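A quick write-up on the structure given underneath.
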Amino acid sequence: MATAADWWDDRVDGVPRIPVGEWVEEANDWITEHLGDALGWFSDRVDSIVTDLIDLLTAPEPLVMAAVFALLAWLARDWKLGIGTFLGMALIISMEQWDNAMNTLALIVVAALICLLIGIPLGIMAARWDGFSSAIRPILDLMQTMPAMFWLIPAVVLFSIGIPAGIVATIIFALPPGVRLTELGIRQVDAEVVEAGHAFGATPRQILREVQLPLAMPTVMAGVNQVIMLALSMAVMAGFVGAGGLGGEVIAAITQIQIGLGFEAGFSVVILAIFLDRVTAAAGNTSPGRGRIRELYGRVGGRRTERDTEDVAEGAAEREGAPV
């Protein structure tokens, strides 16, 4: 280990050189030596989950899955997004990029779910304890502002080339917005509403579950949207470490100078991004809490929602000439 005298002798333009890179390499060696079994277990589980999800997405006929995605878009927003989704998915099929698109979608879904399982509890803790918020903020800054390509290096060193390395790099890059926007959403809840909950004898857990999270849901969903978008961008770069999917096609197009293949893979990424963005944004812009579930249930089951009932009442009042 280098001593203080060694640092002083090893100077750069008069400034003692701080061996940050060597410390990082030593930390990486320690993790590999002492946590190798745990990393292997995690790698096997992630690889299995992603492979099963890919099999699930590619088992039906592509047009059937395109119709399923269109149905999801219609439920989340409206029929126009449903039709646009079906046409976009049909275009991916016609460009022979369907299997690659489903590989990328499976990778995004798994990475985003892990991000949310970690990020939302961390965001709740950060909203409740200022000290914890101050402690994790520099770490989130590091994760979010470090060049995205860098995270592929430790991921490959720890997990070798393949899907697990791409998943880990994607999680590191996409996690911060989930934490930040969950904390922001809970902190923005009106303090008087929280005080009213305390006045009625609600426990902190009840206030979190029944008051703060429902009111913060639009902001939390904005965080979910950002996590998915960042996961998509990183999943494409994960093609450099053998994660496959559309990222692998883009890398192949770059190395082989095939502009046509690159455009088809890139355009498929754009279609996936628009679909995921519009669906998650629509989920965050509607009524918070269980209201959205009731609305979707009413739309599927043919029941009238509160908005439908209000529209009917307004129409009847207009026909009778009464003020609305």
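Ordering of the structure tokens sets the chain letters (A, B, ...), residue numbers begin anew at 1 in every chain, and ligands are numbered from 1 in the order given.
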**OP:** From a DSSP calculation on the backbone, collect every residue of stretch 17-241 of chain A in alpha helix (DSSP H) and output the set as a PyMOL selection string.
**Re:** chain A and resi 20-34+36-58+62-76+79-94+98-128+130-145+152-159+163-187+191-199+204-207+213-237
**OP:** Fewer than 2 positions away in the same chain doesn't count, so skip those; otherwise give me all residues within 12 Å of A:Ala252, counting only C-alpha atoms, as number ranges by chain.
**Re:** A: 236-237, 239-240, 242, 244-250, 254-263, 265-266
Keeping N, CA and C atoms for every residue in the selection just given, could you write it to a file as a short mmCIF file (atom, residue, chain, number, x, y, z; two decimals), in the first residue's frame?
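Output saved as out.cif:
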```
data_model
loop_
_atom_site.label_atom_id
_atom_site.label_comp_id
_atom_site.auth_asym_id
_atom_site.auth_seq_id
_atom_site.Cartn_x
_atom_site.Cartn_y
_atom_site.Cartn_z
N VAL A 236 -29.79 -0.68 -25.42
CA VAL A 236 -29.19 -0.67 -26.76
C VAL A 236 -27.68 -0.71 -26.65
N MET A 237 -27.13 0.10 -25.72
CA MET A 237 -25.67 0.08 -25.55
C MET A 237 -25.17 -1.24 -24.98
N GLY A 239 -25.66 -3.92 -26.09
CA GLY A 239 -25.26 -4.77 -27.21
C GLY A 239 -23.74 -4.91 -27.30
N PHE A 240 -23.01 -3.92 -26.75
CA PHE A 240 -21.55 -4.00 -26.75
C PHE A 240 -21.04 -5.15 -25.89
N GLY A 242 -22.71 -8.07 -25.42
CA GLY A 242 -23.31 -9.34 -25.80
C GLY A 242 -24.71 -9.55 -25.28
N GLY A 244 -27.36 -8.77 -26.81
CA GLY A 244 -28.21 -9.13 -27.94
C GLY A 244 -29.32 -8.13 -28.18
N GLY A 245 -30.37 -8.59 -28.87
CA GLY A 245 -31.50 -7.72 -29.16
C GLY A 245 -31.17 -6.66 -30.19
N LEU A 246 -31.92 -5.56 -30.16
CA LEU A 246 -31.71 -4.49 -31.12
C LEU A 246 -30.33 -3.84 -30.96
N GLY A 247 -29.84 -3.82 -29.71
CA GLY A 247 -28.50 -3.27 -29.49
C GLY A 247 -27.44 -4.07 -30.24
N GLY A 248 -27.60 -5.40 -30.23
CA GLY A 248 -26.65 -6.22 -30.97
C GLY A 248 -26.71 -5.94 -32.46
N GLU A 249 -27.91 -5.70 -32.98
CA GLU A 249 -28.04 -5.37 -34.41
C GLU A 249 -27.40 -4.03 -34.74
N VAL A 250 -27.57 -3.06 -33.83
CA VAL A 250 -26.96 -1.74 -34.06
C VAL A 250 -25.44 -1.86 -34.07
N ILE A 254 -22.83 -1.13 -37.14
CA ILE A 254 -21.70 -0.19 -37.06
C ILE A 254 -20.40 -0.87 -37.50
N THR A 255 -20.18 -2.08 -37.00
CA THR A 255 -18.91 -2.76 -37.31
C THR A 255 -18.83 -3.20 -38.76
N GLN A 256 -20.01 -3.47 -39.38
CA GLN A 256 -20.02 -3.95 -40.77
C GLN A 256 -20.40 -2.85 -41.76
N ILE A 257 -20.58 -1.63 -41.26
CA ILE A 257 -20.95 -0.49 -42.10
C ILE A 257 -22.20 -0.82 -42.93
N GLN A 258 -23.23 -1.31 -42.28
CA GLN A 258 -24.50 -1.62 -42.96
C GLN A 258 -25.54 -0.59 -42.53
N ILE A 259 -25.68 0.46 -43.31
CA ILE A 259 -26.56 1.54 -42.93
C ILE A 259 -28.03 1.11 -42.90
N GLY A 260 -28.39 0.19 -43.81
CA GLY A 260 -29.78 -0.27 -43.85
C GLY A 260 -30.15 -1.04 -42.59
N LEU A 261 -29.29 -1.97 -42.18
CA LEU A 261 -29.54 -2.75 -40.97
C LEU A 261 -29.57 -1.84 -39.75
N GLY A 262 -28.65 -0.88 -39.71
CA GLY A 262 -28.62 0.05 -38.58
C GLY A 262 -29.89 0.88 -38.49
N PHE A 263 -30.40 1.34 -39.66
CA PHE A 263 -31.62 2.15 -39.63
C PHE A 263 -32.82 1.32 -39.19
N ALA A 265 -32.86 -1.39 -37.25
CA ALA A 265 -32.77 -1.66 -35.80
C ALA A 265 -33.03 -0.38 -35.01
N GLY A 266 -32.46 0.73 -35.47
CA GLY A 266 -32.68 2.00 -34.76
C GLY A 266 -34.12 2.44 -34.80
#
```
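Residues lying within 12 Å of A:Asn28, counting only C-alpha atoms and ignoring same-chain neighbours fewer than 5 positions away, are Gly21, Glu22, Trp23, Glu33, His34, Leu35, Gly36, Ile153, Pro154, Ala155, Val156, Val157, Leu158 and Phe159 of chain A.
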Original post:
Smallest atom-to-atom distance to A:Met89: which of A:Leu215, A:Phe267, A:Met229, A:Gly131, using only C-alpha atoms?
Top reply: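 Among A:Leu215, A:Phe267, A:Met229, A:Gly131, it is A:Phe267 that comes nearest to A:Met89.
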Original post:
With only C-alpha atoms as the basis for distance, which of A:Val64, A:Ile114, A:Leu53, A:Leu105 is at the shortest distance from A:Ala90?
Top reply: A:Val64
Subject >> Selection: 12 Å around A:Asp190, only C-alpha atoms, excl. self and same-chain fewer than 4 positions, as number ranges by chain >> reply: A: 185-186, 194-197, 211-212, 215-216
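Proximity ranking of A:Arg17, A:Met102, A:Trp41, A:Gly88 relative to A:Ala59 places A:Met102 first, based on only C-alpha atoms.
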Original post:
Suppose you want the space between atom CA of A:Trp151 and atom CA of A:Val227; what is it in Å?
Top reply: 16.1 Å
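Excluding A:Ile228 itself and any same-chain residue fewer than 2 positions from it, the protein and nucleic acid residues within 9 Å of it, counting only C-alpha atoms, are Ile108, Val109, Ala111, Ala112, Ala174, Gly223, Val224, Asn225, Gln226, Leu230, Ala231, Leu232, Ser233, Ala273, Leu276, Asp277 and Thr280 of chain A.
With only C-alpha atoms as the atoms that count, the residue of A:Val50, A:Pro147, A:Lys80, A:Ser43 with the shortest distance to A:Val110 is A:Val50.
Across the structure, atom CA of A:Cys115 and atom CA of A:Pro62 are spaced 28.1 Å apart.
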**OP:** Go through A:Leu272, A:Ala235, A:Val189, A:Leu140 and flag the residue nearest A:Pro214, using only C-alpha atoms for the distances.
**Re:**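 Under the stated criterion, the closest residue is A:Val189.
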Subject >> Best match for closeness to A:Ala106 among A:Ala243, A:Leu213, A:Ala165, A:Val68, counting only C-alpha atoms >> reply: A:Ala243
**OP:** Could you check how far atom CA of A:Leu142 sits from atom CA of A:Ala169, in Å to one decimal?
**Re:**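 So the answer is 13.5 Å.
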